[in-house]
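What follows is the content of coords-v4.cif, which has mmCIF, C-alpha atoms:
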```cif
data_entry
loop_
_atom_site.label_atom_id
_atom_site.label_comp_id
_atom_site.auth_asym_id
_atom_site.auth_seq_id
_atom_site.Cartn_x
_atom_site.Cartn_y
_atom_site.Cartn_z
CA MET O 599 -4.55 144.00 53.61
CA GLY O 600 -7.57 145.49 51.85
CA GLU O 601 -7.24 148.28 49.35
CA PHE O 602 -7.96 151.86 50.31
CA LYS O 603 -11.15 153.27 48.87
CA PRO O 604 -11.63 156.89 47.91
CA ILE O 605 -13.41 158.82 50.65
CA LYS O 606 -16.84 159.99 49.59
CA THR O 607 -17.76 163.41 50.87
CA LYS O 608 -20.94 163.32 52.87
CA LYS O 609 -24.00 165.03 51.55
CA ILE O 610 -24.87 168.14 53.55
CA TYR O 611 -28.15 166.70 54.78
CA GLU O 612 -26.29 163.65 56.19
CA GLU O 613 -24.11 165.99 58.26
CA ILE O 614 -27.26 167.69 59.56
CA VAL O 615 -28.84 164.30 60.35
CA GLU O 616 -25.76 163.36 62.36
CA GLN O 617 -25.72 166.66 64.26
CA LEU O 618 -29.41 166.38 65.13
CA ARG O 619 -29.07 162.75 66.24
CA GLU O 620 -26.11 163.75 68.40
CA LEU O 621 -28.14 166.57 70.02
CA ILE O 622 -31.01 164.15 70.67
CA SER O 623 -28.84 161.31 72.00
CA THR O 624 -26.99 163.65 74.38
CA GLY O 625 -30.27 165.02 75.73
CA THR O 626 -30.00 168.56 74.31
CA PHE O 627 -33.34 167.77 72.70
CA ASN O 628 -35.58 165.25 74.45
CA PRO O 629 -38.58 163.24 73.21
CA GLY O 630 -41.50 165.65 72.69
CA ASP O 631 -39.28 168.75 72.39
CA LYS O 632 -39.92 171.18 69.55
CA LEU O 633 -36.99 171.91 67.21
CA PRO O 634 -36.18 175.42 65.93
CA SER O 635 -37.81 176.37 62.62
CA GLU O 636 -36.19 175.22 59.36
CA ARG O 637 -35.16 178.81 58.67
CA ASP O 638 -33.49 179.15 62.08
CA MET O 639 -31.75 175.80 61.80
CA ALA O 640 -30.51 176.66 58.30
CA GLN O 641 -29.09 179.93 59.67
CA MET O 642 -27.42 178.27 62.67
CA LEU O 643 -25.90 175.55 60.51
CA GLY O 644 -24.98 177.86 57.64
CA VAL O 645 -26.79 175.70 55.07
CA SER O 646 -29.81 176.03 52.79
CA ARG O 647 -33.34 175.41 54.05
CA ALA O 648 -33.64 172.68 51.39
CA SER O 649 -30.81 170.72 53.09
CA VAL O 650 -32.47 171.11 56.48
CA ARG O 651 -35.77 169.91 55.02
CA GLU O 652 -34.04 166.87 53.48
CA ALA O 653 -32.53 166.01 56.88
CA VAL O 654 -35.90 166.41 58.61
CA VAL O 655 -37.58 164.12 56.06
CA ALA O 656 -34.84 161.47 56.55
CA LEU O 657 -35.19 161.63 60.35
CA GLN O 658 -38.96 161.49 60.05
CA ALA O 659 -38.63 158.27 58.02
CA MET O 660 -36.41 156.80 60.76
CA GLY O 661 -39.06 157.61 63.35
CA VAL O 662 -36.82 160.13 65.13
CA LEU O 663 -38.82 163.27 64.31
CA ASP O 664 -42.53 164.05 64.05
CA VAL O 665 -43.61 166.84 61.74
CA LYS O 666 -46.94 168.34 62.78
CA PRO O 667 -48.39 170.63 60.09
CA GLY O 668 -48.95 174.13 61.44
CA GLU O 669 -47.16 173.34 64.70
CA GLY O 670 -43.58 172.51 63.79
CA THR O 671 -41.06 169.68 64.05
CA PHE O 672 -40.78 167.67 67.27
CA VAL O 673 -38.54 164.93 68.58
CA SER O 674 -40.70 161.81 68.43
CA ALA O 675 -42.22 161.12 71.85
CA SER O 676 -42.12 157.36 71.24
CA MET O 677 -38.54 157.27 70.04
CA ASN O 678 -36.93 156.39 73.35
CA SER O 679 -39.36 153.70 74.27
CA GLU O 680 -39.30 151.61 71.10
CA MET O 681 -36.43 152.51 68.80
CA ILE O 682 -32.91 151.58 69.82
CA GLU O 683 -31.22 154.44 68.00
CA PRO O 684 -27.56 153.32 67.84
CA LEU O 685 -28.84 149.93 66.67
CA ALA O 686 -30.84 151.56 63.88
CA LEU O 687 -27.59 153.12 62.66
CA VAL O 688 -25.70 149.84 62.87
CA LEU O 689 -28.49 148.07 61.01
CA SER O 690 -28.89 150.73 58.34
CA VAL O 691 -29.29 149.25 54.87
CA GLU O 692 -26.51 151.49 53.54
CA ARG O 693 -24.01 149.65 55.75
CA ASN O 694 -25.29 146.10 55.40
CA PRO O 695 -26.20 143.99 52.37
CA LEU O 696 -29.86 142.95 52.22
CA ALA O 697 -28.91 139.26 52.50
CA GLN O 698 -27.19 139.86 55.86
CA LEU O 699 -30.08 141.89 57.24
CA MET O 700 -32.57 139.24 56.18
CA GLU O 701 -30.42 136.51 57.75
CA VAL O 702 -30.59 138.43 61.05
CA ARG O 703 -34.36 138.80 60.64
CA ARG O 704 -34.75 135.05 60.03
CA ILE O 705 -32.73 134.21 63.16
CA LEU O 706 -34.65 136.66 65.36
CA GLU O 707 -38.15 136.42 63.93
CA ALA O 708 -38.32 132.66 63.46
CA GLU O 709 -37.54 132.26 67.16
CA ALA O 710 -39.90 135.12 68.02
CA ALA O 711 -42.72 133.29 66.21
CA ALA O 712 -41.88 130.09 68.14
CA LEU O 713 -41.89 132.01 71.45
CA ALA O 714 -45.17 133.70 70.51
CA ALA O 715 -46.73 130.26 69.97
CA GLN O 716 -45.73 129.39 73.54
CA ARG O 717 -46.35 132.70 75.29
CA ALA O 718 -49.08 134.65 73.46
CA THR O 719 -51.91 135.78 75.70
CA GLU O 720 -55.52 135.85 74.53
CA GLN O 721 -55.09 139.59 73.93
CA ASP O 722 -51.97 138.98 71.78
CA ARG O 723 -53.85 136.41 69.69
CA LEU O 724 -56.80 138.75 69.18
CA LYS O 725 -54.39 141.50 68.09
CA MET O 726 -52.76 139.26 65.46
CA VAL O 727 -56.14 138.13 64.13
CA GLU O 728 -57.28 141.75 63.96
CA VAL O 729 -54.17 142.92 62.09
CA LEU O 730 -54.41 140.06 59.59
CA ASN O 731 -58.10 140.83 59.01
CA ASP O 732 -57.14 144.48 58.40
CA MET O 733 -54.53 143.29 55.90
CA LYS O 734 -57.14 141.25 54.04
CA ALA O 735 -59.60 144.15 54.08
CA THR O 736 -57.07 146.58 52.62
CA ALA O 737 -55.73 144.25 49.94
CA GLU O 738 -56.65 146.85 47.28
CA ARG O 739 -54.85 149.69 49.10
CA HIS O 740 -51.27 148.59 48.81
CA GLU O 741 -49.67 151.18 51.11
CA GLN O 742 -51.99 150.18 53.95
CA GLY O 743 -51.36 146.50 53.27
CA VAL O 744 -47.65 147.13 53.78
CA GLU O 745 -48.35 148.99 57.04
CA PHE O 746 -50.46 146.14 58.42
CA ASP O 747 -47.76 143.66 57.34
CA LEU O 748 -45.34 145.57 59.60
CA PHE O 749 -47.89 145.66 62.46
CA PHE O 750 -48.34 141.87 62.17
CA HIS O 751 -44.61 141.35 62.76
CA PHE O 752 -44.75 143.84 65.65
CA ALA O 753 -47.65 141.90 67.21
CA ILE O 754 -45.62 138.67 67.10
CA ALA O 755 -42.64 140.46 68.68
CA GLU O 756 -44.97 141.78 71.39
CA ALA O 757 -46.22 138.25 72.13
CA THR O 758 -42.70 136.98 72.91
CA LYS O 759 -42.95 138.82 76.26
CA ASN O 760 -39.28 139.72 75.86
CA PRO O 761 -39.03 143.55 75.74
CA LEU O 762 -35.46 143.53 74.41
CA LEU O 763 -36.28 141.13 71.58
CA ARG O 764 -39.38 143.20 70.81
CA ARG O 765 -37.36 146.42 70.57
CA ILE O 766 -34.65 144.88 68.39
CA ILE O 767 -37.22 143.42 65.98
CA LYS O 768 -39.21 146.67 65.87
CA THR O 769 -36.05 148.69 65.20
CA LEU O 770 -34.90 146.40 62.39
CA ASP O 771 -38.31 145.89 60.78
CA ASN O 772 -39.26 149.56 60.95
CA MET O 773 -35.98 150.61 59.38
CA MET O 774 -36.28 148.05 56.57
CA HIS O 775 -39.93 149.02 56.10
CA GLN O 776 -38.99 152.68 55.52
CA THR O 777 -36.07 151.81 53.22
CA PHE O 778 -37.95 149.35 51.02
CA LEU O 779 -41.34 151.02 51.13
CA VAL O 780 -41.53 151.48 47.35
CA ASP O 781 -40.42 147.89 46.62
CA ARG O 782 -42.77 146.46 49.23
CA THR O 783 -45.69 148.50 47.91
CA GLU O 784 -44.94 147.17 44.42
CA MET O 785 -44.94 143.62 45.77
CA TYR O 786 -48.39 144.26 47.23
CA SER O 787 -49.66 145.74 43.99
CA ASN O 788 -49.23 142.33 42.34
CA PRO O 789 -52.40 140.41 43.34
CA LYS O 790 -50.66 137.00 43.23
CA THR O 791 -47.80 138.18 45.46
CA ALA O 792 -50.19 139.93 47.84
CA GLU O 793 -52.24 136.74 48.14
CA ARG O 794 -49.12 134.67 48.80
CA ILE O 795 -47.98 137.06 51.55
CA LEU O 796 -51.42 136.90 53.16
CA ASN O 797 -51.40 133.11 53.02
CA GLU O 798 -47.93 132.97 54.57
CA HIS O 799 -49.06 135.23 57.41
CA GLN O 800 -52.12 133.01 57.88
CA VAL O 801 -49.88 129.93 58.22
CA ILE O 802 -47.80 131.69 60.90
CA LEU O 803 -50.93 132.88 62.72
CA ASP O 804 -52.57 129.44 62.64
CA ALA O 805 -49.42 127.89 64.14
CA ILE O 806 -49.28 130.52 66.90
CA LEU O 807 -53.01 130.09 67.65
CA ALA O 808 -52.48 126.32 67.79
CA GLY O 809 -49.55 126.78 70.20
CA ASP O 810 -47.19 124.99 67.78
CA PRO O 811 -43.70 126.56 68.05
CA ALA O 812 -42.09 124.37 65.35
CA ALA O 813 -44.75 125.21 62.76
CA ALA O 814 -44.64 128.92 63.68
CA ARG O 815 -40.84 128.94 63.28
CA GLU O 816 -40.99 127.15 59.93
CA GLY O 817 -43.80 129.39 58.68
CA MET O 818 -41.82 132.53 59.51
CA LEU O 819 -38.65 131.15 57.85
CA GLN O 820 -40.51 130.42 54.62
CA HIS O 821 -42.19 133.83 54.66
CA LEU O 822 -38.96 135.78 55.19
CA LYS O 823 -37.18 133.82 52.44
CA HIS O 824 -39.92 134.91 50.05
CA VAL O 825 -39.72 138.51 51.27
CA GLU O 826 -35.97 138.52 50.61
CA SER O 827 -36.32 137.13 47.09
CA GLY O 828 -39.06 139.72 46.42
CA LEU O 829 -36.89 142.62 47.61
CA SER O 830 -33.76 141.43 45.85
CA GLY O 831 -35.66 140.97 42.60
CA GLY O 832 -35.32 137.18 42.79
#
```

The structure in this file should be written as structure tokens.
Amino acid sequence: MGEFKPIKTKKIYEEIVEQLRELISTGTFNPGDKLPSERDMAQMLGVSRASVREAVVALQAMGVLDVKPGEGTFVSASMNSEMIEPLALVLSVERNPLAQLMEVRRILEAEAAALAAQRATEQDRLKMVEVLNDMKATAERHEQGVEFDLFFHFAIAEATKNPLLRRIIKTLDNMMHQTFLVDRTEMYSNPKTAERILNEHQVILDAILAGDPAAAREGMLQHLKHVESGLSGG
């Protein structure tokens, strides 16, 4: 039997995050709906506006909320269609070691790359080429490089023609992208690392364009192993 661990009290903003997610998942607030102002929410919840703001920022990073300057805070219109919310919670980095998350990514994305090599339409291929060209063009602007990196993985997921696989990959990759944004941006700021990542993506793309599932799978496996060692400081 495992030992008991002391219970950590939740931070106030985490409580607010949970309440808001609950209200959204039960349909009290629907995609596109405007939330009350921070002041009103703080009053209703009996907390400071700073805590409400912290919760809003966290939910914005998860893709649950959209903050539109001058207009207010809205439930993300795209949330339902692409993010599998309970899954995002299950996959949260706080709950799972990086090695386990990356193992799941390797299993899913290596097969996704193989499927993309078999199923990609001409439009899918053009999209991947375009995203990789954007990555190359923004090599100096690290934040954008990281964004295009994410879009490249999304484009592969799209090309599998399996909507469930696409949503799972998008949920996992988007969540990891938000969590490791600083680390990933640092990886891109090293010219040698950035070049290696680009080359690895090129290998995957070439295999998909050639319709070679085995090479696409292997290329993705090698790439994700490098990503993991980069994020874990290896």

Name the residues in contact with Val729 of chain O at a cut-off of 7 Å, using only C-alpha atoms, excluding same-chain residues fewer than 6 positions from it; report them as a list in words. Phe746, Phe749 and Phe750 of chain O

Residue contacts of Asn760 of chain O (10 Å, all atoms listed in the file) excluding same-chain residues fewer than 2 positions away, as a short mmCIF file (atom, residue, chain, number, x, y, z; two decimals) with C-alpha atoms, in the frame of the given file:
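Everything below was put into part.cif:
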```cif
data_model
loop_
_atom_site.label_atom_id
_atom_site.label_comp_id
_atom_site.auth_asym_id
_atom_site.auth_seq_id
_atom_site.Cartn_x
_atom_site.Cartn_y
_atom_site.Cartn_z
CA ALA O 710 -39.90 135.12 68.02
CA LEU O 713 -41.89 132.01 71.45
CA ALA O 714 -45.17 133.70 70.51
CA ARG O 717 -46.35 132.70 75.29
CA ALA O 755 -42.64 140.46 68.68
CA GLU O 756 -44.97 141.78 71.39
CA ALA O 757 -46.22 138.25 72.13
CA THR O 758 -42.70 136.98 72.91
CA LEU O 762 -35.46 143.53 74.41
CA LEU O 763 -36.28 141.13 71.58
CA ARG O 764 -39.38 143.20 70.81
CA ARG O 765 -37.36 146.42 70.57
#
```

Evaluate the PyMOL selection byres ((chain O and resi 687-701) around 9) and record the selected residues as a CSV table (one decimal) with C-alpha atoms, keeping the file's coordinate frame, following the chain and residue labels used in the document.
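Just written: out13.csv:
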```
chain,number,residue,atom,x,y,z
O,683,GLU,CA,-31.2,154.4,68.0
O,684,PRO,CA,-27.6,153.3,67.8
O,685,LEU,CA,-28.8,149.9,66.7
O,686,ALA,CA,-30.8,151.6,63.9
O,702,VAL,CA,-30.6,138.4,61.0
O,703,ARG,CA,-34.4,138.8,60.6
O,704,ARG,CA,-34.8,135.0,60.0
O,705,ILE,CA,-32.7,134.2,63.2
O,706,LEU,CA,-34.6,136.7,65.4
O,769,THR,CA,-36.0,148.7,65.2
O,770,LEU,CA,-34.9,146.4,62.4
O,773,MET,CA,-36.0,150.6,59.4
O,774,MET,CA,-36.3,148.0,56.6
O,777,THR,CA,-36.1,151.8,53.2
O,822,LEU,CA,-39.0,135.8,55.2
O,823,LYS,CA,-37.2,133.8,52.4
O,825,VAL,CA,-39.7,138.5,51.3
O,826,GLU,CA,-36.0,138.5,50.6
O,829,LEU,CA,-36.9,142.6,47.6
O,830,SER,CA,-33.8,141.4,45.8
```

Report, in Å to a single decimal, how far apart atom CA of Ala675 of chain O and atom CA of Asp732 of chain O are. 26.1 Å

Quick one: residues within 12 Å of (-28.3, 171.6, 51.0) (file frame), counting only C-alpha atoms, please, as a compact mmCIF listing (two decimals) with C-alpha atoms, in the frame of the given file.
```
# COMPACT_ATOMS: atom_id res chain seq x y z
CA LYS O 608 -20.94 163.32 52.87
CA LYS O 609 -24.00 165.03 51.55
CA ILE O 610 -24.87 168.14 53.55
CA TYR O 611 -28.15 166.70 54.78
CA GLU O 612 -26.29 163.65 56.19
CA GLU O 613 -24.11 165.99 58.26
CA ILE O 614 -27.26 167.69 59.56
CA VAL O 615 -28.84 164.30 60.35
CA ALA O 640 -30.51 176.66 58.30
CA LEU O 643 -25.90 175.55 60.51
CA GLY O 644 -24.98 177.86 57.64
CA VAL O 645 -26.79 175.70 55.07
CA SER O 646 -29.81 176.03 52.79
CA ARG O 647 -33.34 175.41 54.05
CA ALA O 648 -33.64 172.68 51.39
CA SER O 649 -30.81 170.72 53.09
CA VAL O 650 -32.47 171.11 56.48
CA ARG O 651 -35.77 169.91 55.02
CA GLU O 652 -34.04 166.87 53.48
CA ALA O 653 -32.53 166.01 56.88
CA VAL O 654 -35.90 166.41 58.61
```
